[in-house]
$ cat entry_4.txt   # compact mmCIF, C-alpha atoms
# COMPACT_ATOMS: atom_id res chain seq x y z
CA MET A 1488 11.17 -30.92 -9.24
CA GLN A 1489 13.73 -33.74 -9.18
CA ALA A 1490 13.26 -33.95 -5.42
CA PHE A 1491 9.49 -34.25 -5.88
CA LYS A 1492 10.08 -37.01 -8.41
CA GLY A 1493 12.34 -38.79 -5.91
CA LEU A 1494 9.65 -38.63 -3.23
CA MET A 1495 7.05 -39.98 -5.62
CA ASP A 1496 9.34 -42.88 -6.52
CA VAL A 1497 9.89 -43.69 -2.83
CA TYR A 1498 6.14 -43.72 -2.16
CA LYS A 1499 5.40 -45.58 -5.41
CA VAL A 1500 3.12 -42.88 -6.81
CA THR A 1501 1.51 -44.03 -10.05
CA GLU A 1502 -0.28 -40.82 -11.10
CA CYS A 1503 0.55 -37.17 -10.56
CA MET A 1504 -0.54 -33.76 -11.78
CA ALA A 1505 1.79 -30.76 -11.83
CA CYS A 1506 0.41 -27.31 -12.66
CA ALA A 1507 2.03 -23.94 -13.31
CA THR A 1508 -0.12 -20.81 -13.17
CA SER A 1509 0.19 -17.05 -13.59
CA ALA A 1510 3.97 -16.59 -13.58
CA MET A 1511 4.59 -19.40 -16.06
CA ARG A 1512 1.71 -18.25 -18.27
CA GLU A 1513 3.59 -15.02 -18.86
CA ALA A 1514 7.15 -16.31 -18.84
CA LYS A 1515 8.74 -16.03 -22.28
CA ASN A 1516 10.71 -19.24 -21.65
CA GLY A 1517 7.80 -21.21 -20.20
CA ALA A 1518 7.92 -23.90 -22.88
CA GLU A 1519 11.66 -24.36 -22.34
CA VAL A 1520 11.16 -24.73 -18.58
CA VAL A 1521 8.50 -27.38 -19.19
CA LYS A 1522 10.85 -29.19 -21.55
CA GLN A 1523 13.75 -29.18 -19.06
CA ILE A 1524 11.52 -30.42 -16.22
CA LYS A 1525 10.39 -33.29 -18.41
CA GLU A 1526 13.99 -34.14 -19.37
CA LYS A 1527 15.55 -33.81 -15.91
CA ALA A 1528 12.71 -34.88 -13.61
CA ASN A 1529 10.37 -36.80 -15.94
CA ILE A 1530 7.40 -34.76 -14.74
CA ASP A 1531 4.80 -33.43 -17.19
CA LEU A 1532 4.21 -29.87 -16.06
CA ARG A 1533 1.01 -28.28 -17.33
CA ILE A 1534 0.88 -24.52 -17.84
CA VAL A 1535 -2.81 -23.98 -17.13
CA GLN A 1536 -4.76 -20.98 -18.40
CA GLY A 1537 -6.87 -18.88 -16.06
CA GLN A 1538 -10.17 -20.61 -16.87
CA VAL A 1539 -8.63 -24.03 -16.29
CA GLU A 1540 -7.06 -22.83 -13.05
CA ALA A 1541 -10.48 -21.66 -11.89
CA ARG A 1542 -12.05 -25.04 -12.73
CA ILE A 1543 -9.32 -26.87 -10.81
CA ILE A 1544 -9.79 -24.61 -7.79
CA TYR A 1545 -13.52 -25.18 -7.56
CA ALA A 1546 -13.03 -28.89 -8.15
CA SER A 1547 -12.01 -28.76 -4.48
CA HIS A 1548 -15.77 -28.80 -3.79
CA ALA A 1549 -15.51 -25.89 -1.37
CA GLU A 1550 -19.18 -25.17 -1.94
CA GLN A 1551 -20.44 -28.68 -1.19
CA ASN A 1552 -21.33 -27.94 2.44
CA ILE A 1553 -23.24 -24.71 1.82
CA ASP A 1554 -26.78 -23.96 0.70
CA ARG A 1555 -26.74 -24.61 -3.04
CA THR A 1556 -29.98 -22.69 -3.54
CA LYS A 1557 -28.16 -19.40 -2.81
CA ASN A 1558 -25.64 -17.30 -4.72
CA TYR A 1559 -21.87 -17.39 -4.15
CA LEU A 1560 -18.81 -15.74 -5.60
CA TYR A 1561 -15.70 -17.88 -5.47
CA ILE A 1562 -12.63 -15.64 -4.93
CA ASP A 1563 -9.11 -17.05 -5.19
CA VAL A 1564 -6.27 -14.55 -4.80
CA GLY A 1565 -2.76 -15.61 -5.73
CA GLY A 1566 0.52 -13.86 -6.31
CA GLY A 1567 -0.04 -13.21 -10.01
CA SER A 1568 -3.76 -13.53 -10.60
CA THR A 1569 -7.23 -13.49 -9.09
CA GLU A 1570 -9.82 -16.06 -10.17
CA LEU A 1571 -13.51 -15.17 -9.82
CA SER A 1572 -16.29 -17.72 -10.30
CA LEU A 1573 -19.94 -16.91 -9.76
CA PHE A 1574 -22.43 -19.62 -8.73
CA ALA A 1575 -26.19 -19.07 -8.82
CA SER A 1576 -28.40 -21.80 -7.41
CA GLY A 1577 -25.58 -24.32 -7.62
CA GLN A 1578 -24.71 -23.53 -11.25
CA LEU A 1579 -21.55 -21.81 -12.50
CA VAL A 1580 -22.78 -18.76 -14.44
CA ALA A 1581 -19.56 -16.75 -14.94
CA SER A 1582 -15.85 -17.24 -14.43
CA LYS A 1583 -12.82 -15.10 -15.25
CA SER A 1584 -9.14 -14.79 -14.37
CA PHE A 1585 -7.57 -11.36 -13.87
CA ASN A 1586 -3.86 -10.49 -13.94
CA LEU A 1587 -4.14 -8.95 -10.51
CA GLY A 1588 -2.34 -10.56 -7.59
CA THR A 1589 -0.45 -9.75 -4.43
CA ILE A 1590 3.03 -9.84 -5.97
CA ARG A 1591 1.91 -7.73 -8.93
CA ILE A 1592 0.61 -5.06 -6.55
CA LEU A 1593 3.77 -5.09 -4.43
CA ASP A 1594 5.86 -4.75 -7.61
CA ASN A 1595 3.58 -1.98 -8.93
CA GLN A 1596 2.66 -4.14 -11.92
CA ASP A 1597 -1.08 -3.82 -11.41
CA THR A 1598 -2.85 -1.45 -13.78
CA GLU A 1599 -5.89 0.73 -13.37
CA GLU A 1600 -7.34 -0.95 -16.45
CA THR A 1601 -7.21 -4.40 -14.80
CA TRP A 1602 -8.87 -3.09 -11.64
CA ASN A 1603 -11.59 -1.47 -13.77
CA ASN A 1604 -12.08 -4.64 -15.83
CA MET A 1605 -12.58 -6.67 -12.66
CA ARG A 1606 -15.03 -4.10 -11.28
CA ASP A 1607 -17.01 -4.05 -14.55
CA PHE A 1608 -17.10 -7.87 -14.72
CA LEU A 1609 -18.47 -8.08 -11.20
CA ARG A 1610 -21.07 -5.36 -11.67
CA GLU A 1611 -22.28 -6.89 -14.93
CA HIS A 1612 -22.72 -10.42 -13.58
CA THR A 1613 -23.92 -9.67 -10.04
CA ARG A 1614 -26.33 -6.78 -10.55
CA HIS A 1615 -29.33 -9.12 -11.01
CA LEU A 1616 -28.43 -11.36 -8.05
CA LYS A 1617 -29.31 -10.74 -4.43
CA GLY A 1618 -27.71 -11.93 -1.23
CA ILE A 1619 -24.38 -13.05 -2.70
CA SER A 1620 -21.93 -14.60 -0.24
CA GLY A 1621 -18.22 -14.96 -0.86
CA ILE A 1622 -16.10 -18.11 -0.77
CA GLY A 1623 -12.46 -17.19 -0.27
CA THR A 1624 -9.47 -19.43 -0.97
CA GLY A 1625 -5.74 -18.88 -0.79
CA GLY A 1626 -3.14 -18.65 1.95
CA ASN A 1627 -3.83 -15.01 2.75
CA ILE A 1628 -7.57 -15.32 3.33
CA ASN A 1629 -6.94 -18.42 5.44
CA LYS A 1630 -4.55 -16.42 7.62
CA LEU A 1631 -6.98 -13.52 7.83
CA TYR A 1632 -9.74 -15.89 8.86
CA ARG A 1633 -7.60 -17.28 11.68
CA LEU A 1634 -6.81 -13.75 12.81
CA SER A 1635 -10.54 -12.93 12.83
CA GLU A 1636 -11.08 -15.70 15.43
CA GLU A 1637 -14.39 -16.69 13.89
CA LYS A 1638 -15.69 -20.00 15.28
CA ASN A 1639 -17.34 -23.10 13.84
CA SER A 1640 -16.72 -22.23 10.18
CA ALA A 1641 -18.85 -19.10 10.48
CA PRO A 1642 -18.47 -16.61 7.64
CA MET A 1643 -16.32 -13.51 8.14
CA ALA A 1644 -18.13 -10.21 7.73
CA PHE A 1645 -16.93 -7.52 5.34
CA THR A 1646 -16.71 -5.16 8.31
CA LYS A 1647 -14.48 -7.61 10.19
CA LEU A 1648 -12.17 -8.00 7.19
CA LYS A 1649 -12.00 -4.21 6.79
CA SER A 1650 -11.11 -3.81 10.48
CA LEU A 1651 -8.39 -6.45 10.15
CA TYR A 1652 -7.00 -4.67 7.11
CA ASP A 1653 -6.89 -1.32 8.91
CA TYR A 1654 -5.23 -2.95 11.93
CA LEU A 1655 -2.56 -4.79 9.91
CA ASP A 1656 -1.90 -1.79 7.69
CA SER A 1657 -1.21 0.35 10.76
CA PHE A 1658 1.96 -1.69 11.38
CA SER A 1659 5.15 -1.48 9.36
CA LEU A 1660 6.31 -4.59 7.53
CA LYS A 1661 8.99 -5.11 10.18
CA ASP A 1662 6.45 -4.87 13.02
CA ARG A 1663 4.00 -7.19 11.28
CA ILE A 1664 6.80 -9.76 11.48
CA ASN A 1665 8.31 -8.95 14.89
CA VAL A 1666 5.27 -7.71 16.83
CA LEU A 1667 2.36 -9.58 15.22
CA GLY A 1668 4.39 -12.72 14.50
CA LEU A 1669 3.49 -13.04 10.81
CA ASN A 1670 5.81 -15.11 8.64
CA GLN A 1671 8.12 -13.08 6.40
CA ASP A 1672 6.51 -14.51 3.26
CA ARG A 1673 3.06 -13.53 4.55
CA ALA A 1674 3.63 -10.16 6.21
CA ASP A 1675 3.98 -8.23 2.95
CA VAL A 1676 1.46 -9.94 0.65
CA ILE A 1677 -1.38 -10.00 3.20
CA ILE A 1678 -2.01 -6.27 2.73
CA PRO A 1679 -2.57 -6.29 -1.07
CA ALA A 1680 -4.55 -9.54 -0.65
CA CYS A 1681 -6.89 -7.68 1.72
CA GLU A 1682 -7.24 -4.89 -0.82
CA ILE A 1683 -8.31 -7.35 -3.52
CA TYR A 1684 -10.80 -9.23 -1.34
CA LEU A 1685 -12.32 -6.01 0.00
CA SER A 1686 -12.63 -4.51 -3.49
CA VAL A 1687 -14.28 -7.64 -4.89
CA MET A 1688 -16.69 -7.87 -1.98
CA ARG A 1689 -17.59 -4.19 -2.24
CA TRP A 1690 -18.22 -4.32 -6.01
CA ALA A 1691 -20.28 -7.50 -5.76
CA GLY A 1692 -22.26 -6.34 -2.72
CA ILE A 1693 -20.94 -9.20 -0.58
CA LYS A 1694 -21.40 -8.81 3.17
CA ASN A 1695 -19.96 -12.16 4.31
CA ILE A 1696 -17.24 -14.51 3.08
CA TYR A 1697 -16.81 -18.20 3.88
CA VAL A 1698 -13.24 -19.50 4.17
CA PRO A 1699 -13.21 -23.31 3.71
CA SER A 1700 -9.38 -23.62 3.89
CA VAL A 1701 -9.01 -25.25 0.50
CA GLY A 1702 -7.28 -24.13 -2.64
CA MET A 1703 -5.74 -25.25 -5.89
CA VAL A 1704 -3.82 -28.13 -4.31
CA ASP A 1705 -7.10 -29.61 -3.08
CA GLY A 1706 -8.62 -29.11 -6.51
CA ILE A 1707 -5.69 -30.94 -8.13
CA ILE A 1708 -6.22 -33.89 -5.79
CA GLN A 1709 -9.96 -33.95 -6.52
CA THR A 1710 -9.29 -33.68 -10.27
CA LEU A 1711 -6.97 -36.71 -10.08
CA ILE A 1712 -9.60 -38.64 -8.12
CA ASP A 1713 -12.30 -37.76 -10.67
CA GLU A 1714 -10.06 -38.76 -13.59
CA HIS A 1715 -9.23 -42.05 -11.89
CA LEU A 1716 -12.93 -42.80 -11.31
CA ILE A 1717 -13.71 -42.07 -14.96
CA LYS A 1718 -10.95 -44.42 -16.12
CA LYS A 1719 -12.21 -47.08 -13.74
CA THR A 1720 -15.76 -46.70 -15.04
CA LEU A 1721 -14.63 -46.95 -18.66
CA LYS A 1722 -12.81 -50.17 -17.93

$ encode --input "entry_4.txt" --output "C-alpha cells"
Amino acid sequence: MQAFKGLMDVYKVTECMACATSAMREAKNGAEVVKQIKEKANIDLRIVQGQVEARIIYASHAEQNIDRTKNYLYIDVGGGSTELSLFASGQLVASKSFNLGTIRILDNQDTEETWNNMRDFLREHTRHLKGISGIGTGGNINKLYRLSEEKNSAPMAFTKLKSLYDYLDSFSLKDRINVLGLNQDRADVIIPACEIYLSVMRWAGIKNIYVPSVGMVDGIIQTLIDEHLIKKTLK
C-alpha cells in the first residue's frame, strides 16, 4: 500500500478509491488493518459490503452496449464471494452477495446452505422472466472466454462453457499449468469458478453469457468519475 501511495505521489494523483471486499469483511482485525494502512500509507481503505461491491461492479457499465429491453443477470465470481444482480428492461430488480467463491471452494469452506440460498434466490427472482442472458465478470470468466475462442464479443453458450469445464477438469492441476499453459494462480481457481457460473446459469435458465472484460476495478474508476462530475456540477 505504501508503494501504491508512492506511485500516486509520482503521478500527482489527487483522488483515489481503495476497496477491500470479502476477505476483509470477515477478518476479525479488519478495522486494525484499515487503521495501519491509513497511518503508514495515508490511504483510506474502504471495507465495502456485498451490496456496495455489487453496485461498484455494475458501475462499470458492462450492460451499456447490450439491448436494455431484455433481461440480464450480472454474475461476478471472486475468491471469497459471488455477486448476483438481476436487470429487467434496464432496471436493477434484485441484487445479492453470497459467501461463495473460488478460494472458499478450494479450501472446503463453502457450505450446502450457501449453495441452496443462491439457488433459491435465483429461482425466486427469475421464474417470471424469460430469455435471461448472463453478463460475466472476473478474471476466470475472462480466461474462459478467451479459451472458448468466441469472436466479435459474441456471447458464450452454456454448452460451450460446460465443454470447457469438462476439458479443463480432465487435466490435473500440474498439467493445466505445464500442458495447457495456465498461470499457477489461475489453474486451480478456474475449476470452482466454472462450477459457480454453470450452477448460476442452470438455476436461472441462462443459455448464453456475455463477457465484457470489465470488473470491480473498472467500476471503481467509473465511480470516481461519477463522483468528480457530481462535485463539478455542484460547484

$ residues_around --input "entry_4.txt" --residues "Ala1490 (chain A)" --least-positions-apart "4" --cutoff "12 Å" --atoms "only C-alpha atoms" --output "PyMOL selection string"
chain A and resi 1494-1497+1524+1527-1530

$ residues_around --input "entry_4.txt" --residues "region 1650-1654 of chain A" --least-positions-apart "6" --cutoff "8 Å" --atoms "all atoms listed in the file" --output "list in words"
Leu1631, Leu1634, Ser1635, Ile1678, Cys1681 and Glu1682 of chain A

$ closest_residue --input "entry_4.txt" --among "A:Phe1608, A:Tyr1684, A:Tyr1498, A:Phe1658" --to "Phe1645 (chain A)" --atoms "only C-alpha atoms"
A:Tyr1684

$ residues_near_point --input "entry_4.txt" --point "(-11.3, -21.6, -16.9)" --cutoff "12 Å" --atoms "all atoms listed in the file" --output "count of residues only"
23

$ closest_atom_pairs --input "entry_4.txt" --of "region 1553-1579 of chain A" --to "region 1693-1697 of chain A" --cutoff "10 Å" --atoms "all atoms listed in the file" --output "JSON lines"
{"residue": "A:Ile1553", "atom": "CA", "partner": "A:Tyr1697", "partner_atom": "CA", "distance": 9.4}
{"residue": "A:Tyr1559", "atom": "CA", "partner": "A:Ile1693", "partner_atom": "CA", "distance": 9.0}
{"residue": "A:Leu1560", "atom": "CA", "partner": "A:Ile1693", "partner_atom": "CA", "distance": 8.5}
{"residue": "A:Tyr1561", "atom": "CA", "partner": "A:Ile1696", "partner_atom": "CA", "distance": 9.3}
{"residue": "A:Ile1562", "atom": "CA", "partner": "A:Ile1696", "partner_atom": "CA", "distance": 9.3}

$ atom_distance --input "entry_4.txt" --atom1 "CA of Arg1614 (chain A)" --atom2 "CA of Ser1700 (chain A)"
27.9 Å

$ closest_residue --input "entry_4.txt" --among "A:Leu1587, A:Ala1510, A:Ile1534, A:Leu1716" --to "Ser1568 (chain A)" --atoms "only C-alpha atoms"
A:Leu1587
